[in-house]
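S.K.: This one is my_file_12.tsv, TSV, C-alpha atoms and all ligand atoms.
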```
chain	number	residue	atom	x	y	z
A	1	MET	CA	0.00	0.00	0.00
A	2	ASP	CA	1.25	3.50	-0.71
A	3	VAL	CA	0.81	6.53	1.50
A	4	LEU	CA	-2.30	7.74	-0.36
A	5	GLN	CA	-4.10	4.43	0.15
A	6	VAL	CA	-3.06	4.25	3.80
A	7	THR	CA	-4.23	7.82	4.39
A	8	GLU	CA	-7.58	7.12	2.78
A	9	LYS	CA	-8.09	4.14	5.08
A	10	ILE	CA	-7.26	6.23	8.15
A	11	ILE	CA	-9.66	8.98	7.02
A	12	ASP	CA	-12.49	6.47	6.57
A	13	LYS	CA	-11.91	4.81	9.93
A	14	ASN	CA	-11.54	8.12	11.78
A	15	LEU	CA	-14.55	9.78	10.17
A	16	SER	CA	-16.70	6.79	11.10
A	17	LYS	CA	-15.76	7.65	14.70
A	18	ASP	CA	-16.48	11.36	14.29
A	19	ASN	CA	-12.77	12.20	14.30
A	20	ASP	CA	-12.07	14.81	11.63
A	21	ASP	CA	-8.74	16.11	12.97
A	22	ALA	CA	-5.72	16.52	10.73
A	23	PHE	CA	-3.08	13.81	11.19
A	24	PHE	CA	0.37	12.64	10.15
A	25	VAL	CA	1.15	9.44	8.34
A	26	LEU	CA	4.56	7.91	8.99
A	27	ASP	CA	6.28	5.60	6.52
A	28	ILE	CA	8.98	4.21	8.81
A	29	GLU	CA	10.59	2.22	5.99
A	30	GLU	CA	11.57	5.54	4.46
A	31	VAL	CA	13.70	6.36	7.53
A	32	LYS	CA	15.43	3.02	7.17
A	33	ARG	CA	16.11	3.60	3.47
A	34	LYS	CA	17.62	6.99	4.26
A	35	TYR	CA	19.85	5.55	6.97
A	36	GLU	CA	21.11	2.84	4.65
A	37	TYR	CA	21.72	5.43	1.94
A	38	TRP	CA	23.78	7.53	4.34
A	39	ILE	CA	25.91	4.58	5.46
A	40	GLN	CA	26.52	3.60	1.87
A	41	LYS	CA	27.53	7.11	0.76
A	42	ILE	CA	29.62	8.31	3.73
A	43	PRO	CA	30.55	5.20	5.70
A	44	ARG	CA	33.23	6.99	7.77
A	45	VAL	CA	30.71	9.42	9.28
A	46	VAL	CA	28.49	8.14	12.08
A	47	PRO	CA	25.12	9.95	12.17
A	48	TYR	CA	24.01	11.36	15.52
A	49	TYR	CA	20.35	12.07	14.85
A	50	ALA	CA	19.26	15.64	15.69
A	51	VAL	CA	16.30	15.01	17.97
A	52	LYS	CA	14.89	18.50	17.44
A	53	SER	CA	13.91	17.72	13.84
A	54	ASN	CA	11.33	15.08	14.86
A	55	ASP	CA	11.16	13.26	18.19
A	56	ASP	CA	8.76	10.51	17.19
A	57	VAL	CA	9.54	7.50	19.37
A	58	ARG	CA	9.24	5.01	16.50
A	59	VAL	CA	11.82	6.94	14.49
A	60	MET	CA	14.14	7.31	17.48
A	61	LYS	CA	13.94	3.59	18.30
A	62	LEU	CA	14.56	2.55	14.71
A	63	LEU	CA	17.63	4.79	14.49
A	64	ARG	CA	18.86	3.40	17.80
A	65	ASP	CA	18.56	-0.14	16.45
A	66	LEU	CA	20.31	0.82	13.23
A	67	GLY	CA	23.28	2.12	15.23
A	68	ALA	CA	22.85	5.90	15.16
A	69	GLY	CA	23.79	8.25	17.98
A	70	TYR	CA	21.82	11.33	19.05
A	71	ASP	CA	22.39	15.05	18.97
A	72	CYS	CA	20.57	16.74	21.84
A	73	ALA	CA	20.19	20.40	22.70
A	74	SER	CA	18.50	20.34	26.11
A	75	LYS	CA	17.84	18.37	29.26
A	76	LYS	CA	14.47	17.26	27.91
A	77	GLU	CA	15.91	15.93	24.65
A	78	ILE	CA	18.65	14.09	26.54
A	79	SER	CA	16.10	12.48	28.84
A	80	GLN	CA	13.96	11.42	25.85
A	81	VAL	CA	16.95	9.59	24.39
A	82	LEU	CA	18.01	8.05	27.72
A	83	GLU	CA	14.50	6.67	28.13
A	84	LEU	CA	15.21	4.53	25.07
A	85	ASN	CA	18.15	2.95	26.91
A	86	VAL	CA	20.72	4.56	24.68
A	87	ASP	CA	24.29	4.51	25.97
A	88	PRO	CA	25.31	8.06	27.07
A	89	ASN	CA	28.39	7.55	24.89
A	90	ARG	CA	26.17	7.76	21.86
A	91	ILE	CA	24.85	11.22	22.73
A	92	ILE	CA	26.41	14.58	21.99
A	93	TYR	CA	25.13	17.65	23.84
A	94	SER	CA	25.60	20.05	20.94
A	95	ASN	CA	23.98	23.26	22.07
A	96	THR	CA	26.81	25.75	22.53
A	97	ILE	CA	24.73	27.84	24.92
A	98	LYS	CA	23.56	25.91	27.98
A	99	GLN	CA	21.68	26.50	31.19
A	100	VAL	CA	23.63	25.49	34.29
A	101	SER	CA	20.99	22.99	35.41
A	102	HIS	CA	21.19	21.27	32.02
A	103	ILE	CA	24.97	20.99	32.26
A	104	LYS	CA	24.60	19.48	35.73
A	105	TYR	CA	22.04	17.02	34.39
A	106	SER	CA	24.37	15.90	31.62
A	107	ALA	CA	27.17	15.47	34.18
A	108	GLU	CA	24.91	13.36	36.39
A	109	LYS	CA	23.89	11.17	33.43
A	110	GLY	CA	27.37	10.91	31.92
A	111	ILE	CA	26.70	12.73	28.65
A	112	ASP	CA	30.27	13.89	28.39
A	113	LYS	CA	30.60	15.07	24.78
A	114	ILE	CA	29.66	18.75	24.99
A	115	THR	CA	30.16	21.60	22.54
A	116	PHE	CA	31.10	25.23	23.20
A	117	ASP	CA	32.13	28.23	21.12
A	118	SER	CA	33.17	30.88	23.63
A	119	ALA	CA	35.37	31.40	26.69
A	120	PRO	CA	32.52	32.09	29.15
A	121	GLU	CA	30.73	28.89	28.12
A	122	LEU	CA	33.94	26.88	28.53
A	123	GLU	CA	34.41	28.33	32.01
A	124	LYS	CA	30.81	27.45	32.85
A	125	ILE	CA	31.37	23.86	31.74
A	126	LYS	CA	34.62	23.76	33.71
A	127	GLN	CA	32.79	24.84	36.85
A	128	HIS	CA	29.92	22.34	36.57
A	129	TYR	CA	31.37	19.43	34.59
A	130	SER	CA	35.13	19.66	34.78
A	131	ASN	CA	35.82	16.24	33.28
A	132	ALA	CA	33.58	16.74	30.24
A	133	LYS	CA	35.01	16.03	26.79
A	134	VAL	CA	34.58	19.40	25.15
A	135	VAL	CA	34.20	19.99	21.43
A	136	LEU	CA	34.89	23.43	19.97
A	137	ARG	CA	32.41	24.64	17.37
A	138	ILE	CA	34.11	26.63	14.64
A	139	PHE	CA	32.84	28.86	11.82
A	140	ASN	CA	30.36	31.61	12.48
A	141	LEU	CA	28.22	31.65	9.38
A	142	GLY	CA	25.37	33.36	11.15
A	143	LEU	CA	25.89	35.65	14.10
A	144	LYS	CA	24.56	33.43	16.82
A	145	PHE	CA	26.79	30.35	16.87
A	146	GLY	CA	30.35	29.32	16.30
A	147	CYS	CA	33.64	31.11	16.62
A	148	ASN	CA	35.95	32.58	14.02
A	149	HIS	CA	38.28	29.78	12.98
A	150	GLU	CA	41.22	32.10	12.34
A	151	THR	CA	41.05	34.59	15.18
A	152	GLU	CA	39.12	32.96	18.01
A	153	ALA	CA	39.56	29.20	17.62
A	154	PRO	CA	43.32	29.09	18.37
A	155	LYS	CA	42.74	31.19	21.51
A	156	LEU	CA	39.97	28.90	22.69
A	157	ILE	CA	42.08	25.81	22.04
A	158	LYS	CA	44.81	27.38	24.15
A	159	LEU	CA	42.33	28.27	26.85
A	160	CYS	CA	41.31	24.60	27.09
A	161	LYS	CA	44.92	23.79	27.85
A	162	GLU	CA	45.19	26.54	30.45
A	163	LEU	CA	41.97	25.45	32.15
A	164	ASP	CA	43.00	21.79	31.91
A	165	MET	CA	39.84	20.94	30.02
A	166	ASN	CA	39.73	17.79	27.90
A	167	LEU	CA	39.29	19.15	24.36
A	168	ILE	CA	38.66	16.14	22.10
A	169	GLY	CA	37.98	17.85	18.79
A	170	LEU	CA	36.07	20.30	16.65
A	171	SER	CA	32.59	20.64	15.24
A	172	PHE	CA	30.97	22.69	12.54
A	173	HIS	CA	27.40	22.97	11.27
A	174	ILE	CA	27.27	24.29	7.73
A	175	GLY	CA	23.47	24.32	7.77
A	176	SER	CA	21.00	23.81	4.98
A	177	PHE	CA	21.25	27.12	3.17
A	178	THR	CA	24.30	26.63	1.02
A	179	ASN	CA	24.53	25.21	-2.48
A	180	ASP	CA	28.31	25.21	-2.41
A	181	HIS	CA	29.26	21.56	-2.58
A	182	THR	CA	32.96	22.09	-1.95
A	183	VAL	CA	32.34	23.64	1.45
A	184	TYR	CA	33.01	20.40	3.36
A	185	GLU	CA	36.38	19.78	1.81
A	186	ARG	CA	37.45	23.27	2.89
A	187	ALA	CA	36.02	22.74	6.36
A	188	PHE	CA	38.17	19.61	6.73
A	189	GLU	CA	41.20	21.62	5.61
A	190	THR	CA	40.55	24.20	8.33
A	191	THR	CA	39.99	21.42	10.85
A	192	ARG	CA	43.32	19.88	9.88
A	193	LYS	CA	45.10	23.20	10.48
A	194	LEU	CA	43.55	23.60	13.91
A	195	PHE	CA	44.36	19.98	14.83
A	196	ASP	CA	47.96	20.71	13.86
A	197	TYR	CA	47.95	23.88	15.93
A	198	ALA	CA	46.63	21.97	18.95
A	199	GLU	CA	49.40	19.44	18.49
A	200	THR	CA	52.00	22.19	18.82
A	201	LEU	CA	50.52	22.79	22.29
A	202	GLY	CA	50.81	19.10	23.08
A	203	MET	CA	47.09	18.39	22.63
A	204	LYS	CA	45.97	15.42	20.57
A	205	LEU	CA	42.55	15.95	18.99
A	206	ASN	CA	40.75	12.98	17.43
A	207	PHE	CA	37.09	13.91	17.08
A	208	ILE	CA	35.28	15.77	14.26
A	209	ASP	CA	31.58	16.58	14.13
A	210	ILE	CA	30.45	17.79	10.70
A	211	GLY	CA	26.98	18.91	11.84
A	212	GLY	CA	23.69	18.57	9.99
A	213	GLY	CA	21.75	20.46	7.35
A	214	PHE	CA	21.41	17.75	4.73
A	215	ALA	CA	18.05	17.74	2.94
A	216	GLY	CA	16.68	14.31	2.16
A	217	LYS	CA	14.22	15.21	-0.58
A	218	ASP	CA	16.63	15.47	-3.48
A	219	LEU	CA	19.34	12.88	-2.97
A	220	SER	CA	21.45	14.19	-5.84
A	221	ILE	CA	22.24	17.24	-3.69
A	222	PHE	CA	23.25	14.95	-0.83
A	223	ASP	CA	25.44	12.95	-3.22
A	224	ASN	CA	27.41	16.10	-4.03
A	225	TYR	CA	27.95	16.87	-0.34
A	226	ALA	CA	28.95	13.26	0.27
A	227	ALA	CA	31.60	13.52	-2.45
A	228	SER	CA	33.02	16.68	-0.85
A	229	ILE	CA	32.98	15.08	2.62
A	230	ASN	CA	34.72	11.94	1.40
A	231	ALA	CA	37.29	14.00	-0.47
A	232	GLY	CA	37.97	16.10	2.64
A	233	ILE	CA	38.44	13.05	4.84
A	234	GLU	CA	40.64	11.35	2.26
A	235	LYS	CA	42.82	14.42	1.78
A	236	TYR	CA	43.27	15.59	5.35
A	237	PHE	CA	42.49	12.72	7.68
A	238	SER	CA	43.12	9.49	5.79
A	239	LEU	CA	46.04	8.44	7.95
A	240	ASN	CA	44.51	9.51	11.22
A	241	ASP	CA	42.68	7.63	13.84
A	242	VAL	CA	39.88	10.17	14.11
A	243	GLU	CA	36.27	9.59	15.04
A	244	ILE	CA	33.98	11.46	12.66
A	245	ILE	CA	30.33	12.07	13.46
A	246	SER	CA	27.54	14.23	12.05
A	247	GLU	CA	24.23	15.61	13.27
A	248	PRO	CA	21.66	15.00	10.52
A	249	GLY	CA	18.05	15.71	11.40
A	250	ARG	CA	15.87	16.49	8.40
A	251	PHE	CA	17.73	14.03	6.18
A	252	PHE	CA	16.21	10.98	7.90
A	253	VAL	CA	12.68	12.25	8.41
A	254	ASP	CA	11.63	14.86	5.86
A	255	THR	CA	10.20	12.45	3.30
A	256	ALA	CA	8.95	9.92	5.86
A	257	PHE	CA	5.93	11.90	7.07
A	258	SER	CA	2.91	13.32	5.27
A	259	VAL	CA	0.13	15.37	6.81
A	260	ALA	CA	-3.54	14.90	5.94
A	261	THR	CA	-5.79	17.93	6.35
A	262	GLN	CA	-9.47	18.43	5.68
A	263	VAL	CA	-11.00	21.32	3.76
A	264	ILE	CA	-13.37	22.74	6.37
A	265	LEU	CA	-14.67	25.65	4.30
A	266	LYS	CA	-14.71	26.68	0.66
A	267	LYS	CA	-15.86	30.11	-0.39
A	268	PRO	CA	-15.52	32.44	-3.36
A	269	SER	CA	-13.67	35.61	-2.38
A	270	GLU	CA	-14.19	39.14	-3.62
A	271	ASP	CA	-10.84	39.13	-5.41
A	272	GLY	CA	-12.08	36.42	-7.75
A	273	GLN	CA	-10.20	33.58	-6.09
A	274	ILE	CA	-11.48	30.57	-4.27
A	275	TYR	CA	-10.58	30.50	-0.59
A	276	TYR	CA	-10.13	27.19	1.15
A	277	TYR	CA	-9.71	26.82	4.90
A	278	ILE	CA	-8.11	23.67	6.29
A	279	ASN	CA	-7.80	22.20	9.78
A	280	GLU	CA	-4.05	22.83	9.94
A	281	SER	CA	-2.05	25.99	10.44
A	282	ILE	CA	1.24	27.84	10.33
A	283	TYR	CA	1.00	27.60	14.12
A	284	MET	CA	0.85	23.83	13.84
A	285	SER	CA	2.68	21.76	11.21
A	286	PHE	CA	3.34	24.53	8.69
A	287	LEU	CA	5.48	26.90	10.76
A	288	THR	CA	8.79	26.01	9.12
A	289	MET	CA	7.23	26.12	5.69
A	290	PHE	CA	5.94	29.59	6.54
A	291	LEU	CA	9.27	30.86	7.86
A	292	TYR	CA	11.38	29.52	5.02
A	293	LYS	CA	8.83	29.71	2.20
A	294	GLU	CA	9.26	26.09	1.27
A	295	ASN	CA	7.41	24.71	-1.71
A	296	LEU	CA	4.46	22.56	-0.77
A	297	LYS	CA	3.47	19.44	-2.63
A	298	PHE	CA	0.10	17.82	-2.03
A	299	SER	CA	-2.43	15.37	-3.43
A	300	VAL	CA	-6.21	15.53	-3.16
A	301	ILE	CA	-8.21	12.78	-1.51
A	302	ARG	CA	-11.82	13.26	-2.59
A	303	LYS	CA	-14.52	12.43	-0.10
A	304	THR	CA	-17.34	14.38	-1.74
A	305	LYS	CA	-19.11	14.37	-5.07
A	306	THR	CA	-19.16	17.48	-7.24
A	307	GLU	CA	-22.08	18.31	-9.51
A	308	HIS	CA	-19.71	19.61	-12.17
A	309	GLU	CA	-16.27	18.79	-13.53
A	310	PRO	CA	-13.63	20.29	-11.16
A	311	LYS	CA	-12.13	23.44	-12.72
A	312	GLU	CA	-8.62	24.90	-12.52
A	313	LEU	CA	-9.07	27.97	-10.31
A	314	LEU	CA	-6.85	30.59	-8.73
A	315	SER	CA	-6.93	29.60	-5.07
A	316	THR	CA	-5.62	30.41	-1.61
A	317	ILE	CA	-5.46	27.93	1.26
A	318	TRP	CA	-5.79	29.42	4.74
A	319	GLY	CA	-4.98	27.88	8.11
A	320	CYS	CA	-7.55	27.41	10.85
A	321	THR	CA	-6.39	29.85	13.54
A	322	CYS	CA	-7.78	33.35	14.01
A	323	ASN	CA	-4.54	34.97	12.90
A	324	SER	CA	-4.92	36.70	9.54
A	325	MET	CA	-1.35	35.79	8.51
A	326	ASP	CA	-2.20	32.13	8.81
A	327	LYS	CA	-1.93	31.30	5.12
A	328	ILE	CA	-0.65	27.95	3.86
A	329	ILE	CA	-0.61	28.56	0.09
A	330	GLY	CA	-1.46	31.82	-1.70
A	331	ASN	CA	-2.54	32.55	-5.28
A	332	ARG	CA	-1.96	29.18	-6.83
A	333	MET	CA	-3.82	27.57	-9.75
A	334	MET	CA	-5.44	24.51	-8.25
A	335	THR	CA	-7.89	21.86	-9.28
A	336	GLU	CA	-11.15	22.64	-7.51
A	337	VAL	CA	-11.93	20.67	-4.34
A	338	GLU	CA	-14.94	20.68	-2.05
A	339	MET	CA	-15.62	21.14	1.63
A	340	GLY	CA	-15.01	17.74	3.22
A	341	ASP	CA	-12.27	16.70	0.81
A	342	TRP	CA	-8.75	16.09	2.15
A	343	LEU	CA	-5.37	17.40	1.09
A	344	LEU	CA	-2.35	15.22	1.75
A	345	PHE	CA	0.87	17.26	2.05
A	346	PHE	CA	4.14	15.40	1.44
A	347	ASN	CA	7.64	15.81	2.90
A	348	MET	CA	6.33	17.04	6.24
A	349	GLY	CA	8.62	15.09	8.58
A	350	ASP	CA	11.14	17.74	9.60
A	351	TYR	CA	10.44	20.59	12.01
A	352	THR	CA	6.68	20.04	12.05
A	353	THR	CA	5.61	17.97	15.06
A	354	THR	CA	8.37	19.47	17.23
A	355	THR	CA	7.53	23.08	16.40
A	356	SER	CA	3.73	22.81	16.52
A	357	THR	CA	2.07	25.11	19.06
A	358	LYS	CA	-1.27	24.90	20.84
A	359	PHE	CA	-2.29	28.41	19.76
A	360	ASN	CA	-6.07	28.85	19.62
A	361	GLY	CA	-6.51	25.43	21.17
A	362	PHE	CA	-5.39	23.54	18.09
A	363	LYS	CA	-2.52	21.08	18.02
A	364	ASN	CA	-1.98	18.26	15.59
A	365	VAL	CA	-0.96	15.31	17.76
A	366	ASN	CA	-2.00	12.29	15.73
A	367	VAL	CA	0.78	10.39	14.00
A	368	TYR	CA	-0.23	7.09	12.45
A	369	SER	CA	2.26	4.66	11.02
A	370	PHE	CA	1.33	2.31	8.19
A	371	GLU	CA	0.92	-0.54	10.70
A	372	ASP	CA	-1.51	1.44	12.84
A	373	ILE	CA	-4.39	1.14	10.41
A	374	GLU	CA	-5.06	-2.44	11.53
A	375	ASN	CA	-5.73	-1.24	15.09
A	376	LEU	CA	-7.79	1.87	14.48
B	401	LIG	C1	19.50	22.00	13.85
B	401	LIG	C2	20.87	21.45	13.97
B	401	LIG	C3	21.16	20.20	13.41
B	401	LIG	C4	20.20	19.43	12.54
B	401	LIG	O1	19.96	20.13	11.37
B	401	LIG	P1	19.20	19.46	10.12
B	401	LIG	O2	19.14	20.57	9.15
B	401	LIG	O3	17.87	19.00	10.58
B	401	LIG	O4	20.07	18.33	9.67
B	401	LIG	C5	22.41	19.67	13.66
B	401	LIG	N1	23.34	20.34	14.38
B	401	LIG	C6	23.08	21.56	14.92
B	401	LIG	C7	24.13	22.21	15.71
B	401	LIG	C8	21.85	22.14	14.72
B	401	LIG	O5	21.61	23.35	15.23
```
Could I get this structure in the form of structure tokens?
Ligand SMILES: *Cc1c(COP(=O)(O)O)cnc(C)c1O

M.R.:
Amino acid sequence: MDVLQVTEKIIDKNLSKDNDDAFFVLDIEEVKRKYEYWIQKIPRVVPYYAVKSNDDVRVMKLLRDLGAGYDCASKKEISQVLELNVDPNRIIYSNTIKQVSHIKYSAEKGIDKITFDSAPELEKIKQHYSNAKVVLRIFNLGLKFGCNHETEAPKLIKLCKELDMNLIGLSFHIGSFTNDHTVYERAFETTRKLFDYAETLGMKLNFIDIGGGFAGKDLSIFDNYAASINAGIEKYFSLNDVEIISEPGRFFVDTAFSVATQVILKKPSEDGQIYYYINESIYMSFLTMFLYKENLKFSVIRKTKTEHEPKELLSTIWGCTCNSMDKIIGNRMMTEVEMGDWLLFFNMGDYTTTTSTKFNGFKNVNVYSFEDIENL
């Protein structure tokens, strides 16, 4: 069965029980395919799954069983992973800005791989978790995170020595907004230089974290990154006994989830368009799409009969909250649908369930996997 057929079954079963809420459909096999693809393309780089992208327990357990580690940013995320009986060794606490109580929690639980990008943060870690294995995050592509690899990084490496902190290596997070495929090879070159600098101070670094930001929708883009990563490792670290990890989030989950939403109102508007209102929202699963203007792809699941042939009409799809900015798609030519029909949006696995709010009393909490339809 494909996702459309599964969704249709869930709609029928739910509607027969008066449940007309929007819901997610999870194709867990897709996560497995992505993991296997990763391992095949960049076998030297162990993925530590970024929990923030989607914390679905089925996904987290599958990745655990496949051998992934986890990238956590808070006490709560760490505890979610520990609940799955994951070895603390397989967790990296990668938020470079941490509350003291969260540092203490990671010390208590033995999550010792911790990142930092500034002197005050290093001193904070020293005070509350002096035997942590610290990882310095380099490159400041935005303003918020990272340190300058030329001016600041050497100073911070030296500071680790002065404070007697156990610096194990470096991390960088290129992020998902670059199309420059050679960026990883250059990042490895910079990493090599800083490793060499550390060695002149008598420090032996052996850990590299290449971050996340890999989209999983178009694998040809990932292939280009993989080539650059492999080239960088080959060129600068082939002879070294270094552990290399990454923090992919969206890559594993983006294509694995779809969201089914019902058209709850259709009306002609004064500007000549058709307005549709659906039981989802930019405050629920469409926040990231709204912030980053991502292209939405959807299919129609018809549950109503029309008296006439559906026409191609200029349409806008609005979300269900009372905020007037709550628009999902604007001014698009669309095949006419009716009130009661469903729209199934694809590639909705990343930054949807974890960023959903309960604004206006709405929150999409239903995630069905393919297997669930037997038990509905
Ligand atoms: C958000 C984030 C990730 C995961 O990013 P994706 O784009 O989902 O792969 C990994 N590392 C850091 C430091 C992050 O902030």

S.K.: With a cut-off of 7 Å, could you pull out the residues of chain A touching ligand LIG 401 (chain B) and give me the nearest pair of atoms for each, distance in Å to one decimal, using only C-alpha atoms and all ligand atoms, ordered by chain and ascending number, as a Markdown table?

M.R.:
```
| residue | atom | partner | partner_atom | distance |
| --- | --- | --- | --- | --- |
| A:Ala50 | CA | B:LIG401 | C4 | 5.0 |
| A:Lys52 | CA | B:LIG401 | C1 | 6.8 |
| A:Ser53 | CA | B:LIG401 | O3 | 5.3 |
| A:Ser94 | CA | B:LIG401 | C7 | 5.8 |
| A:Asn95 | CA | B:LIG401 | C7 | 6.4 |
| A:His173 | CA | B:LIG401 | C7 | 5.6 |
| A:Gly175 | CA | B:LIG401 | O2 | 5.9 |
| A:Ser176 | CA | B:LIG401 | O2 | 5.6 |
| A:Gly211 | CA | B:LIG401 | N1 | 4.7 |
| A:Gly212 | CA | B:LIG401 | O4 | 3.6 |
| A:Gly213 | CA | B:LIG401 | O2 | 3.2 |
| A:Phe214 | CA | B:LIG401 | O4 | 5.2 |
| A:Ala215 | CA | B:LIG401 | O2 | 6.9 |
| A:Glu247 | CA | B:LIG401 | C5 | 4.5 |
| A:Pro248 | CA | B:LIG401 | O4 | 3.8 |
| A:Gly249 | CA | B:LIG401 | O3 | 3.4 |
| A:Arg250 | CA | B:LIG401 | O3 | 3.9 |
| A:Phe251 | CA | B:LIG401 | O4 | 6.0 |
| A:Asp350 | CA | B:LIG401 | O3 | 6.9 |
```

S.K.: Take the selection from the previous step and output its residues with C-alpha atoms, as a PDB file, in the coordinates of the input.

M.R.:
```
ATOM      1  CA  ALA A  50      19.260  15.640  15.690  1.00  0.00           C
ATOM      2  CA  LYS A  52      14.890  18.500  17.440  1.00  0.00           C
ATOM      3  CA  SER A  53      13.910  17.720  13.840  1.00  0.00           C
ATOM      4  CA  SER A  94      25.600  20.050  20.940  1.00  0.00           C
ATOM      5  CA  ASN A  95      23.980  23.260  22.070  1.00  0.00           C
ATOM      6  CA  HIS A 173      27.400  22.970  11.270  1.00  0.00           C
ATOM      7  CA  GLY A 175      23.470  24.320   7.770  1.00  0.00           C
ATOM      8  CA  SER A 176      21.000  23.810   4.980  1.00  0.00           C
ATOM      9  CA  GLY A 211      26.980  18.910  11.840  1.00  0.00           C
ATOM     10  CA  GLY A 212      23.690  18.570   9.990  1.00  0.00           C
ATOM     11  CA  GLY A 213      21.750  20.460   7.350  1.00  0.00           C
ATOM     12  CA  PHE A 214      21.410  17.750   4.730  1.00  0.00           C
ATOM     13  CA  ALA A 215      18.050  17.740   2.940  1.00  0.00           C
ATOM     14  CA  GLU A 247      24.230  15.610  13.270  1.00  0.00           C
ATOM     15  CA  PRO A 248      21.660  15.000  10.520  1.00  0.00           C
ATOM     16  CA  GLY A 249      18.050  15.710  11.400  1.00  0.00           C
ATOM     17  CA  ARG A 250      15.870  16.490   8.400  1.00  0.00           C
ATOM     18  CA  PHE A 251      17.730  14.030   6.180  1.00  0.00           C
ATOM     19  CA  ASP A 350      11.140  17.740   9.600  1.00  0.00           C
TER      20      ASP A 350
END
```

S.K.: Just the residues within 9 Å of Val183 of chain A, please, counting all atoms listed in the file, with nothing from its chain fewer than 2 positions along; format it as a list in words.

M.R.: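 In the requested form, the answer reads Ile174, Thr178, Asn179, Asp180, His181, Glu185, Arg186, Ala187, Phe188, Tyr225, Ser228 and Ile229 of chain A.
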
S.K.: Would you mind exporting the chosen residues as a CSV table (one decimal), in the frame of the given file, restricted to C-alpha atoms?

M.R.:
```csv
chain,number,residue,atom,x,y,z
A,174,ILE,CA,27.3,24.3,7.7
A,178,THR,CA,24.3,26.6,1.0
A,179,ASN,CA,24.5,25.2,-2.5
A,180,ASP,CA,28.3,25.2,-2.4
A,181,HIS,CA,29.3,21.6,-2.6
A,185,GLU,CA,36.4,19.8,1.8
A,186,ARG,CA,37.4,23.3,2.9
A,187,ALA,CA,36.0,22.7,6.4
A,188,PHE,CA,38.2,19.6,6.7
A,225,TYR,CA,28.0,16.9,-0.3
A,228,SER,CA,33.0,16.7,-0.8
A,229,ILE,CA,33.0,15.1,2.6
```

S.K.: Can you tell me, as a ChimeraX atom specification, what residues are no more than 12 Å from Pro43 of chain A when counting only C-alpha atoms, ignoring any on the same chain fewer than 4 positions away?

M.R.: /A:35-39,47,226-227,229-230,233,243-246

S.K.: Quick one: distance from atom CA of Arg302 of chain A to atom CA of Glu270 of chain A in Å, one decimal?

M.R.: 26.0 Å

S.K.: Set the distance at 8 Å and use only C-alpha atoms: which residues neighbour Thr355 of chain A once local chain neighbours fewer than 6 positions away are removed? I'd like the list as a PyMOL selection string.

M.R.: chain A and resi 284-285+287-288

S.K.: Distance atom CA of Asp254 of chain A-atom CA of Phe24 of chain A, one decimal place?

M.R.: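 Separation of atom CA of Asp254 of chain A and atom CA of Phe24 of chain A: 12.3 Å.
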
S.K.: Between A:Asp196, A:Lys204, A:Phe359, A:Leu82, which is the closest to Asp326 of chain A once you count only C-alpha atoms?

M.R.: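 Closest to Asp326 of chain A of all the choices is A:Phe359.
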
S.K.: Counting all atoms listed in the file, which of A:Ile168, A:Val134, A:Leu156, A:Leu62 gets nearest to Tyr93 of chain A?

M.R.: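 Residue with the minimum atom-to-atom distance to Tyr93 of chain A: A:Val134.
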
S.K.: Calculate how many Å separate atom CA of Asp223 of chain A from atom CA of Val45 of chain A, rounding to one decimal.

M.R.: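 Atom CA of Val45 of chain A lies 14.0 Å from atom CA of Asp223 of chain A.
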